[in-house]
Amino acid sequence: MKYLFYLIFPLLIFAQDPSFHEPWKLEGAGERIEKYRKTNTILNFNFPTDIKKKNGKLKIKLINHDFKFGVGFTQLRKMRGNMFDLYLERFKEAFNYATVGMYWGLTDERSSRKQIDKYYDDIIKWSIKNNVRLKGHPLMWHEGMPDWVRYSKDLDELEVAMKTHMRRLIETYPEINDWDVYNEPVGPFKPHIPYSAIQDWINYKGGIYPAMVEIYQFVNSVNPDKNYSNNHYHAKDPEYLKINEYYVQKNLNFSSIGMQAHMQSNDNVMTESQVWDQIEDYAVLGKNIQFTEITVTSSKRFNNWKDHQEFLAKRDESLRNGKEMDLPSLPEYEDFQASYLKDFYTLVFSHPSVSSITFWNLTDKNAWRGHAGGLLYKDLSPKKSFLTLKKLIKETWTTEISEKINISDSFEFRGFYGDYEGEMLVDKKIYKFSFSVDKETDGPIDLVLK
């Protein structure tokens, strides 16, 4: 018995180590990815009539997933010079989707917005050039607002201001197709939320449910063709499931249910079954599911929210005194971050209802709450987690074909949904082409080569 104890005791210590990630089982994940993220596609090639040779060398490569692999751009506006450019270059190495912070405090109609407007314009131009899709976050929230909104006394005037603000964002940035409508809709009256007049407006409208219905009906009156999302920080909250069920019952036009998962304390690190069950609970509502804000840190995690709050209070005091108080990235937690994210992304990507995953902080520089919550270090060099996700997205989950074919025949292949580039070498001449495959693609794709 003594020897058995000596064998088991180290295993118990190892299993309890919060820096150790026990690999998930991921049963059926590979098969689901093959089934739900890929499709059979037929290509027909139409060449000039003077082509005499029948054999060609075909190359096809996926250049952009239809699935949205995202990052939050809330850090980017604080980057300057070479850091700004390097951040965007790092982003392009793995990702194709970005959430742009458009909090009311930043986009305040009553203040000079010259600098922030230029930032938004620059990001939109860059995103169009680089085929990056954007989400605006959010149209409305009970936090992150200017003081004239927070302490507004006339609720009728406040309602006009709210709707004017939402309309302006939608119409000023038509290139943005995805919007979080009201961020954290079941959270306005939680104990930790500071006062704002928007809480008074919600009560004025009869409570959260009728207030949210009015907001969704309004944004749809401005533009019903956007992808509107409902987003909350705690998807396990039964009230969040309930309000989504209510939206569906009221037939509100929204496309996605957003789930945040900031795993900055041990009790918030989700297990495999918790992630899967949470998706399944919401999938029955028939909406796309977005993981909108994911944080897995490479700094030491806190045990629980109470411990975390104590650190945040000390950090706030330090920042008020002009000093940084960021948690360092630790090698053992860097290993955890990389291995956990590999499993998390694989499981989530395998579920047919999920349409996007957004990791909240790309870098530890200016990371939320001072955690080492980025995929890059502060100097923007890659961590193991960045390289892990890059390999998954760009190598494991990719389609690349190189074959000799008869150019008069159709060519069929199975590949991931997304945008493709290709070329055909025939008689020493290269013909380039591009095409896209999504779930709406029906029948062969005809390519005219010149």
# chains A, B, ... in the order shown; residues from 1 in each chain; ligands from 1
$ select_by_dssp --residues "region 185-253 of chain A" --states "alpha helix (DSSP H)" --output "number ranges by chain"
A: 197-204, 208-222, 238-249
$ write_last_selection --atoms "N, CA and C atoms" --output "tab-separated table (two decimals), in the first residue's frame"
chain	number	residue	atom	x	y	z
A	197	ALA	N	-27.54	56.35	-17.10
A	197	ALA	CA	-28.92	56.71	-17.45
A	197	ALA	C	-29.54	55.69	-18.39
A	198	ILE	N	-28.73	54.90	-19.06
A	198	ILE	CA	-29.29	53.85	-19.92
A	198	ILE	C	-30.06	52.85	-19.08
A	199	GLN	N	-29.63	52.61	-17.85
A	199	GLN	CA	-30.40	51.76	-16.95
A	199	GLN	C	-31.77	52.40	-16.68
A	200	ASP	N	-31.78	53.72	-16.48
A	200	ASP	CA	-33.05	54.42	-16.26
A	200	ASP	C	-33.95	54.30	-17.50
A	201	TRP	N	-33.33	54.41	-18.68
A	201	TRP	CA	-34.10	54.29	-19.93
A	201	TRP	C	-34.71	52.91	-20.07
A	202	ILE	N	-33.93	51.86	-19.70
A	202	ILE	CA	-34.44	50.49	-19.77
A	202	ILE	C	-35.66	50.35	-18.86
A	203	ASN	N	-35.58	50.87	-17.65
A	203	ASN	CA	-36.75	50.84	-16.75
A	203	ASN	C	-37.91	51.64	-17.31
A	204	TYR	N	-37.58	52.78	-17.92
A	204	TYR	CA	-38.59	53.66	-18.54
A	204	TYR	C	-39.37	52.93	-19.63
A	208	ILE	N	-35.88	45.13	-19.27
A	208	ILE	CA	-34.89	44.69	-20.26
A	208	ILE	C	-35.54	44.17	-21.53
A	209	TYR	N	-36.54	43.33	-21.40
A	209	TYR	CA	-37.09	42.67	-22.60
A	209	TYR	C	-37.72	43.66	-23.57
A	210	PRO	N	-38.67	44.49	-23.13
A	210	PRO	CA	-39.24	45.45	-24.10
A	210	PRO	C	-38.21	46.46	-24.60
A	211	ALA	N	-37.23	46.83	-23.77
A	211	ALA	CA	-36.20	47.77	-24.21
A	211	ALA	C	-35.35	47.15	-25.32
A	212	MET	N	-34.97	45.89	-25.16
A	212	MET	CA	-34.16	45.22	-26.18
A	212	MET	C	-34.95	45.02	-27.47
A	213	VAL	N	-36.20	44.69	-27.36
A	213	VAL	CA	-37.03	44.54	-28.57
A	213	VAL	C	-37.06	45.85	-29.34
A	214	GLU	N	-37.22	46.97	-28.64
A	214	GLU	CA	-37.24	48.26	-29.32
A	214	GLU	C	-35.92	48.56	-30.01
A	215	ILE	N	-34.82	48.22	-29.37
A	215	ILE	CA	-33.51	48.47	-29.98
A	215	ILE	C	-33.32	47.63	-31.23
A	216	TYR	N	-33.68	46.36	-31.16
A	216	TYR	CA	-33.52	45.49	-32.33
A	216	TYR	C	-34.45	45.91	-33.47
A	217	GLN	N	-35.65	46.28	-33.13
A	217	GLN	CA	-36.56	46.75	-34.17
A	217	GLN	C	-36.04	48.03	-34.81
A	218	PHE	N	-35.42	48.88	-34.01
A	218	PHE	CA	-34.89	50.12	-34.57
A	218	PHE	C	-33.72	49.86	-35.51
A	219	VAL	N	-32.74	49.06	-35.10
A	219	VAL	CA	-31.58	48.84	-35.98
A	219	VAL	C	-32.00	48.14	-37.26
A	220	ASN	N	-33.02	47.31	-37.18
A	220	ASN	CA	-33.51	46.67	-38.40
A	220	ASN	C	-34.27	47.64	-39.29
A	221	SER	N	-34.84	48.68	-38.69
A	221	SER	CA	-35.48	49.72	-39.52
A	221	SER	C	-34.43	50.55	-40.25
A	222	VAL	N	-33.24	50.63	-39.67
A	222	VAL	CA	-32.14	51.35	-40.33
A	222	VAL	C	-31.56	50.50	-41.46
A	238	PRO	N	-28.65	31.44	-17.03
A	238	PRO	CA	-29.94	31.01	-17.60
A	238	PRO	C	-30.74	32.18	-18.15
A	239	GLU	N	-30.52	33.39	-17.65
A	239	GLU	CA	-31.24	34.55	-18.17
A	239	GLU	C	-30.83	34.86	-19.61
A	240	TYR	N	-29.58	34.55	-19.95
A	240	TYR	CA	-29.13	34.80	-21.32
A	240	TYR	C	-29.80	33.84	-22.30
A	241	LEU	N	-29.89	32.57	-21.92
A	241	LEU	CA	-30.61	31.62	-22.77
A	241	LEU	C	-32.07	32.04	-22.90
A	242	LYS	N	-32.64	32.49	-21.80
A	242	LYS	CA	-34.05	32.88	-21.79
A	242	LYS	C	-34.31	34.06	-22.72
A	243	ILE	N	-33.41	35.06	-22.73
A	243	ILE	CA	-33.66	36.23	-23.57
A	243	ILE	C	-33.46	35.89	-25.05
A	244	ASN	N	-32.56	34.98	-25.35
A	244	ASN	CA	-32.42	34.53	-26.73
A	244	ASN	C	-33.66	33.77	-27.20
A	245	GLU	N	-34.20	32.94	-26.32
A	245	GLU	CA	-35.45	32.25	-26.65
A	245	GLU	C	-36.56	33.27	-26.90
A	246	TYR	N	-36.59	34.33	-26.11
A	246	TYR	CA	-37.59	35.38	-26.27
A	246	TYR	C	-37.43	36.09	-27.60
A	247	TYR	N	-36.20	36.41	-27.98
A	247	TYR	CA	-35.95	37.05	-29.28
A	247	TYR	C	-36.48	36.19	-30.42
A	248	VAL	N	-36.24	34.89	-30.31
A	248	VAL	CA	-36.71	33.98	-31.37
A	248	VAL	C	-38.23	33.95	-31.39
A	249	GLN	N	-38.85	33.90	-30.21
A	249	GLN	CA	-40.31	33.89	-30.14
A	249	GLN	C	-40.92	35.16	-30.72
$ residues_around --residues "Gln75 (chain A)" --least-positions-apart "2" --cutoff "8 Å" --atoms "only C-alpha atoms" --output "list in words"
Gly72, Phe73, Arg77, Lys78, Met79, Asn361, Lys365, Asn366 and Ala367 of chain A
$ write_last_selection --atoms "C-alpha atoms" --output "PDB file, in the first residue's frame"
ATOM      1  CA  GLY A  72     -10.293  41.889 -31.188  1.00  0.00           C
ATOM      2  CA  PHE A  73      -8.769  45.104 -32.539  1.00  0.00           C
ATOM      3  CA  ARG A  77      -5.742  51.913 -31.840  1.00  0.00           C
ATOM      4  CA  LYS A  78      -3.070  52.362 -29.126  1.00  0.00           C
ATOM      5  CA  MET A  79      -0.311  51.039 -31.373  1.00  0.00           C
ATOM      6  CA  ASN A 361      -6.166  40.114 -27.327  1.00  0.00           C
ATOM      7  CA  LYS A 365       0.786  44.793 -24.881  1.00  0.00           C
ATOM      8  CA  ASN A 366      -2.203  46.705 -23.458  1.00  0.00           C
ATOM      9  CA  ALA A 367      -3.922  43.380 -22.780  1.00  0.00           C
TER      10      ALA A 367
END
$ select_by_dssp --residues "region 77-220 of chain A" --states "strand (DSSP E)" --output "list of chain:residue names"
A:Tyr97, A:Ala98, A:Thr99, A:Val100, A:Gly101, A:Arg133, A:Leu134, A:Lys135, A:Gly136, A:His137, A:Asp178, A:Trp179, A:Asp180, A:Val181, A:Tyr182, A:Asn183
$ write_last_selection --atoms "C-alpha atoms" --output "mmCIF file, in the first residue's frame"
data_model
loop_
_atom_site.group_PDB
_atom_site.id
_atom_site.type_symbol
_atom_site.label_atom_id
_atom_site.label_comp_id
_atom_site.auth_asym_id
_atom_site.auth_seq_id
_atom_site.Cartn_x
_atom_site.Cartn_y
_atom_site.Cartn_z
ATOM 1 C CA TYR A 97 -11.896 38.578 -39.025
ATOM 2 C CA ALA A 98 -11.576 41.508 -36.633
ATOM 3 C CA THR A 99 -13.796 43.112 -34.010
ATOM 4 C CA VAL A 100 -13.445 46.905 -34.007
ATOM 5 C CA GLY A 101 -14.218 48.647 -30.707
ATOM 6 C CA ARG A 133 -14.223 40.949 -42.537
ATOM 7 C CA LEU A 134 -15.130 43.289 -39.673
ATOM 8 C CA LYS A 135 -17.524 43.369 -36.750
ATOM 9 C CA GLY A 136 -18.523 46.624 -35.048
ATOM 10 C CA HIS A 137 -18.714 46.341 -31.270
ATOM 11 C CA ASP A 178 -21.533 42.360 -38.528
ATOM 12 C CA TRP A 179 -22.648 44.281 -35.442
ATOM 13 C CA ASP A 180 -23.076 43.426 -31.780
ATOM 14 C CA VAL A 181 -26.367 45.182 -31.122
ATOM 15 C CA TYR A 182 -26.759 45.553 -27.353
ATOM 16 C CA ASN A 183 -23.721 44.209 -25.543
#
$ atom_distance --atom1 "CA of Asp281 (chain A)" --atom2 "CA of Ser355 (chain A)"
15.9 Å
$ atom_distance --atom1 "CA of Thr388 (chain A)" --atom2 "CA of Tyr340 (chain A)"
10.2 Å
$ residues_around --residues "Gly370 (chain A)" --least-positions-apart "4" --cutoff "12 Å" --atoms "only C-alpha atoms" --output "PyMOL selection string"
chain A and resi 264+295+297-301+308+311-316+318-319+323-329+361+363-366+374+378
$ write_last_selection --atoms "C-alpha atoms" --output "PDB file, in the first residue's frame"
ATOM      1  CA  GLN A 264      -8.603  34.507 -16.231  1.00  0.00           C
ATOM      2  CA  THR A 295      -9.134  34.907 -23.335  1.00  0.00           C
ATOM      3  CA  THR A 297      -3.823  33.594 -20.418  1.00  0.00           C
ATOM      4  CA  SER A 298      -0.169  32.615 -20.267  1.00  0.00           C
ATOM      5  CA  SER A 299       0.141  34.377 -16.917  1.00  0.00           C
ATOM      6  CA  LYS A 300      -0.742  32.694 -13.649  1.00  0.00           C
ATOM      7  CA  ARG A 301      -4.497  32.524 -13.201  1.00  0.00           C
ATOM      8  CA  HIS A 308      -9.126  38.396  -9.255  1.00  0.00           C
ATOM      9  CA  PHE A 311      -5.642  42.137  -8.005  1.00  0.00           C
ATOM     10  CA  LEU A 312      -7.711  44.434 -10.230  1.00  0.00           C
ATOM     11  CA  ALA A 313      -8.199  46.904  -7.366  1.00  0.00           C
ATOM     12  CA  LYS A 314      -4.436  47.024  -6.753  1.00  0.00           C
ATOM     13  CA  ARG A 315      -3.789  47.366 -10.463  1.00  0.00           C
ATOM     14  CA  ASP A 316      -6.265  50.243 -10.812  1.00  0.00           C
ATOM     15  CA  SER A 318      -1.134  51.470  -9.589  1.00  0.00           C
ATOM     16  CA  LEU A 319      -2.385  52.822 -12.923  1.00  0.00           C
ATOM     17  CA  LYS A 323       2.690  52.722 -12.915  1.00  0.00           C
ATOM     18  CA  GLU A 324       2.025  49.545 -14.854  1.00  0.00           C
ATOM     19  CA  MET A 325       1.054  46.371 -13.043  1.00  0.00           C
ATOM     20  CA  ASP A 326       0.871  43.612 -15.615  1.00  0.00           C
ATOM     21  CA  LEU A 327       1.129  39.901 -14.928  1.00  0.00           C
ATOM     22  CA  PRO A 328       4.167  38.242 -16.533  1.00  0.00           C
ATOM     23  CA  SER A 329       3.915  35.479 -19.112  1.00  0.00           C
ATOM     24  CA  ASN A 361      -6.166  40.114 -27.327  1.00  0.00           C
ATOM     25  CA  THR A 363      -0.745  40.689 -27.866  1.00  0.00           C
ATOM     26  CA  ASP A 364       0.172  41.092 -24.201  1.00  0.00           C
ATOM     27  CA  LYS A 365       0.786  44.793 -24.881  1.00  0.00           C
ATOM     28  CA  ASN A 366      -2.203  46.705 -23.458  1.00  0.00           C
ATOM     29  CA  GLY A 374      -2.258  37.637 -25.886  1.00  0.00           C
ATOM     30  CA  LYS A 378       4.571  42.666 -25.820  1.00  0.00           C
TER      31      LYS A 378
END
$ closest_atom_pairs --of "region 371-403 of chain A" --to "region 330-337 of chain A" --cutoff "12 Å" --atoms "only C-alpha atoms" --output "JSON lines"
{"residue": "A:His371", "atom": "CA", "partner": "A:Leu330", "partner_atom": "CA", "distance": 11.1}
{"residue": "A:Ala372", "atom": "CA", "partner": "A:Leu330", "partner_atom": "CA", "distance": 8.7}
{"residue": "A:Gly373", "atom": "CA", "partner": "A:Gln337", "partner_atom": "CA", "distance": 9.1}
{"residue": "A:Gly374", "atom": "CA", "partner": "A:Gln337", "partner_atom": "CA", "distance": 9.7}
{"residue": "A:Leu375", "atom": "CA", "partner": "A:Gln337", "partner_atom": "CA", "distance": 8.7}
{"residue": "A:Leu376", "atom": "CA", "partner": "A:Glu334", "partner_atom": "CA", "distance": 10.6}
{"residue": "A:Tyr377", "atom": "CA", "partner": "A:Glu334", "partner_atom": "CA", "distance": 10.6}
{"residue": "A:Pro382", "atom": "CA", "partner": "A:Glu334", "partner_atom": "CA", "distance": 10.9}
{"residue": "A:Lys383", "atom": "CA", "partner": "A:Glu334", "partner_atom": "CA", "distance": 7.2}
{"residue": "A:Lys384", "atom": "CA", "partner": "A:Glu334", "partner_atom": "CA", "distance": 6.7}
{"residue": "A:Ser385", "atom": "CA", "partner": "A:Gln337", "partner_atom": "CA", "distance": 6.0}
{"residue": "A:Phe386", "atom": "CA", "partner": "A:Gln337", "partner_atom": "CA", "distance": 9.5}
{"residue": "A:Leu387", "atom": "CA", "partner": "A:Gln337", "partner_atom": "CA", "distance": 11.4}
{"residue": "A:Thr388", "atom": "CA", "partner": "A:Gln337", "partner_atom": "CA", "distance": 9.7}
{"residue": "A:Leu389", "atom": "CA", "partner": "A:Gln337", "partner_atom": "CA", "distance": 10.7}
$ closest_residue --among "A:Leu447, A:Glu403, A:Glu22, A:Lys428" --to "Lys342 (chain A)" --atoms "only C-alpha atoms"
A:Glu22
$ closest_residue --among "A:Tyr431, A:Tyr233, A:Phe291, A:Tyr87" --to "Pro188 (chain A)" --atoms "only C-alpha atoms"
A:Tyr233
$ residues_around --residues "Thr164 (chain A)" --least-positions-apart "6" --cutoff "12 Å" --atoms "only C-alpha atoms" --output "list in words"
Trp104, Asp108, Glu109, Leu139, Met140, Glu157, Leu158, Ile170, Glu171, Thr172, Ile215, Phe218, Val219 and Val222 of chain A
$ write_last_selection --atoms "C-alpha atoms" --output "mmCIF file, in the first residue's frame"
data_model
loop_
_atom_site.group_PDB
_atom_site.id
_atom_site.type_symbol
_atom_site.label_atom_id
_atom_site.label_comp_id
_atom_site.auth_asym_id
_atom_site.auth_seq_id
_atom_site.Cartn_x
_atom_site.Cartn_y
_atom_site.Cartn_z
ATOM 1 C CA TRP A 104 -19.847 55.330 -27.423
ATOM 2 C CA ASP A 108 -18.928 60.468 -29.062
ATOM 3 C CA GLU A 109 -20.849 62.785 -31.386
ATOM 4 C CA LEU A 139 -24.068 49.593 -31.230
ATOM 5 C CA MET A 140 -25.282 50.062 -27.655
ATOM 6 C CA GLU A 157 -33.859 63.057 -25.240
ATOM 7 C CA LEU A 158 -31.624 60.143 -24.285
ATOM 8 C CA ILE A 170 -24.559 51.669 -39.175
ATOM 9 C CA GLU A 171 -24.768 54.283 -41.930
ATOM 10 C CA THR A 172 -21.277 55.754 -41.541
ATOM 11 C CA ILE A 215 -33.506 48.471 -29.975
ATOM 12 C CA PHE A 218 -34.887 50.122 -34.567
ATOM 13 C CA VAL A 219 -31.578 48.840 -35.979
ATOM 14 C CA VAL A 222 -32.138 51.353 -40.334
#
$ residues_around --residues "Met424 (chain A)" --least-positions-apart "3" --cutoff "10 Å" --atoms "only C-alpha atoms" --output "PyMOL selection string"
chain A and resi 45+55-60+402-405+407+427-433+449
$ write_last_selection --atoms "C-alpha atoms" --output "short mmCIF file (atom, residue, chain, number, x, y, z; two decimals), in the first residue's frame"
data_model
loop_
_atom_site.label_atom_id
_atom_site.label_comp_id
_atom_site.auth_asym_id
_atom_site.auth_seq_id
_atom_site.Cartn_x
_atom_site.Cartn_y
_atom_site.Cartn_z
CA PHE A 45 -12.43 25.19 -67.31
CA ASN A 55 -3.00 18.15 -70.56
CA GLY A 56 -2.40 20.81 -67.93
CA LYS A 57 -0.81 21.22 -64.49
CA LEU A 58 -3.46 22.43 -62.03
CA LYS A 59 -2.74 24.16 -58.71
CA ILE A 60 -5.46 25.23 -56.27
CA SER A 402 -1.38 20.11 -57.39
CA GLU A 403 -2.33 17.65 -60.14
CA LYS A 404 -1.96 16.93 -63.83
CA ILE A 405 -5.38 16.86 -65.51
CA ILE A 407 -8.19 20.30 -69.34
CA ASP A 427 1.76 24.59 -73.11
CA LYS A 428 4.15 26.78 -71.10
CA LYS A 429 1.46 29.40 -70.43
CA ILE A 430 0.01 30.04 -66.96
CA TYR A 431 -3.69 30.84 -66.63
CA LYS A 432 -4.66 32.30 -63.26
CA PHE A 433 -8.12 32.19 -61.73
CA LEU A 449 -9.44 31.30 -68.49
#
$ atom_distance --atom1 "CA of Gln260 (chain A)" --atom2 "CA of Lys236 (chain A)"
10.2 Å
$ residues_around --residues "Gln278 (chain A)" --least-positions-apart "3" --cutoff "10 Å" --atoms "only C-alpha atoms" --output "NGL selection string"
:A and (235-236 or 241 or 259 or 273-275 or 281-283)
$ closest_residue --among "A:Asp267, A:Leu392, A:Arg32, A:Leu106" --to "Ser339 (chain A)" --atoms "only C-alpha atoms"
A:Leu392
$ decode --residues "region 90-111 of chain A" --atoms "C-alpha atoms" --output "compact mmCIF listing (two decimals), in the first residue's frame"
# COMPACT_ATOMS: atom_id res chain seq x y z
CA ARG A 90 1.01 39.27 -37.49
CA PHE A 91 -2.78 39.31 -37.68
CA LYS A 92 -2.72 38.38 -41.38
CA GLU A 93 -0.51 35.36 -40.69
CA ALA A 94 -3.45 33.47 -39.19
CA PHE A 95 -6.69 35.47 -39.00
CA ASN A 96 -9.40 36.80 -41.32
CA TYR A 97 -11.90 38.58 -39.03
CA ALA A 98 -11.58 41.51 -36.63
CA THR A 99 -13.80 43.11 -34.01
CA VAL A 100 -13.45 46.90 -34.01
CA GLY A 101 -14.22 48.65 -30.71
CA MET A 102 -16.77 51.39 -31.38
CA TYR A 103 -17.78 52.18 -27.82
CA TRP A 104 -19.85 55.33 -27.42
CA GLY A 105 -17.10 56.92 -25.36
CA LEU A 106 -14.81 56.68 -28.41
CA THR A 107 -17.34 57.64 -31.05
CA ASP A 108 -18.93 60.47 -29.06
CA GLU A 109 -20.85 62.78 -31.39
CA ARG A 110 -20.19 65.77 -29.12
CA SER A 111 -16.41 65.52 -29.08
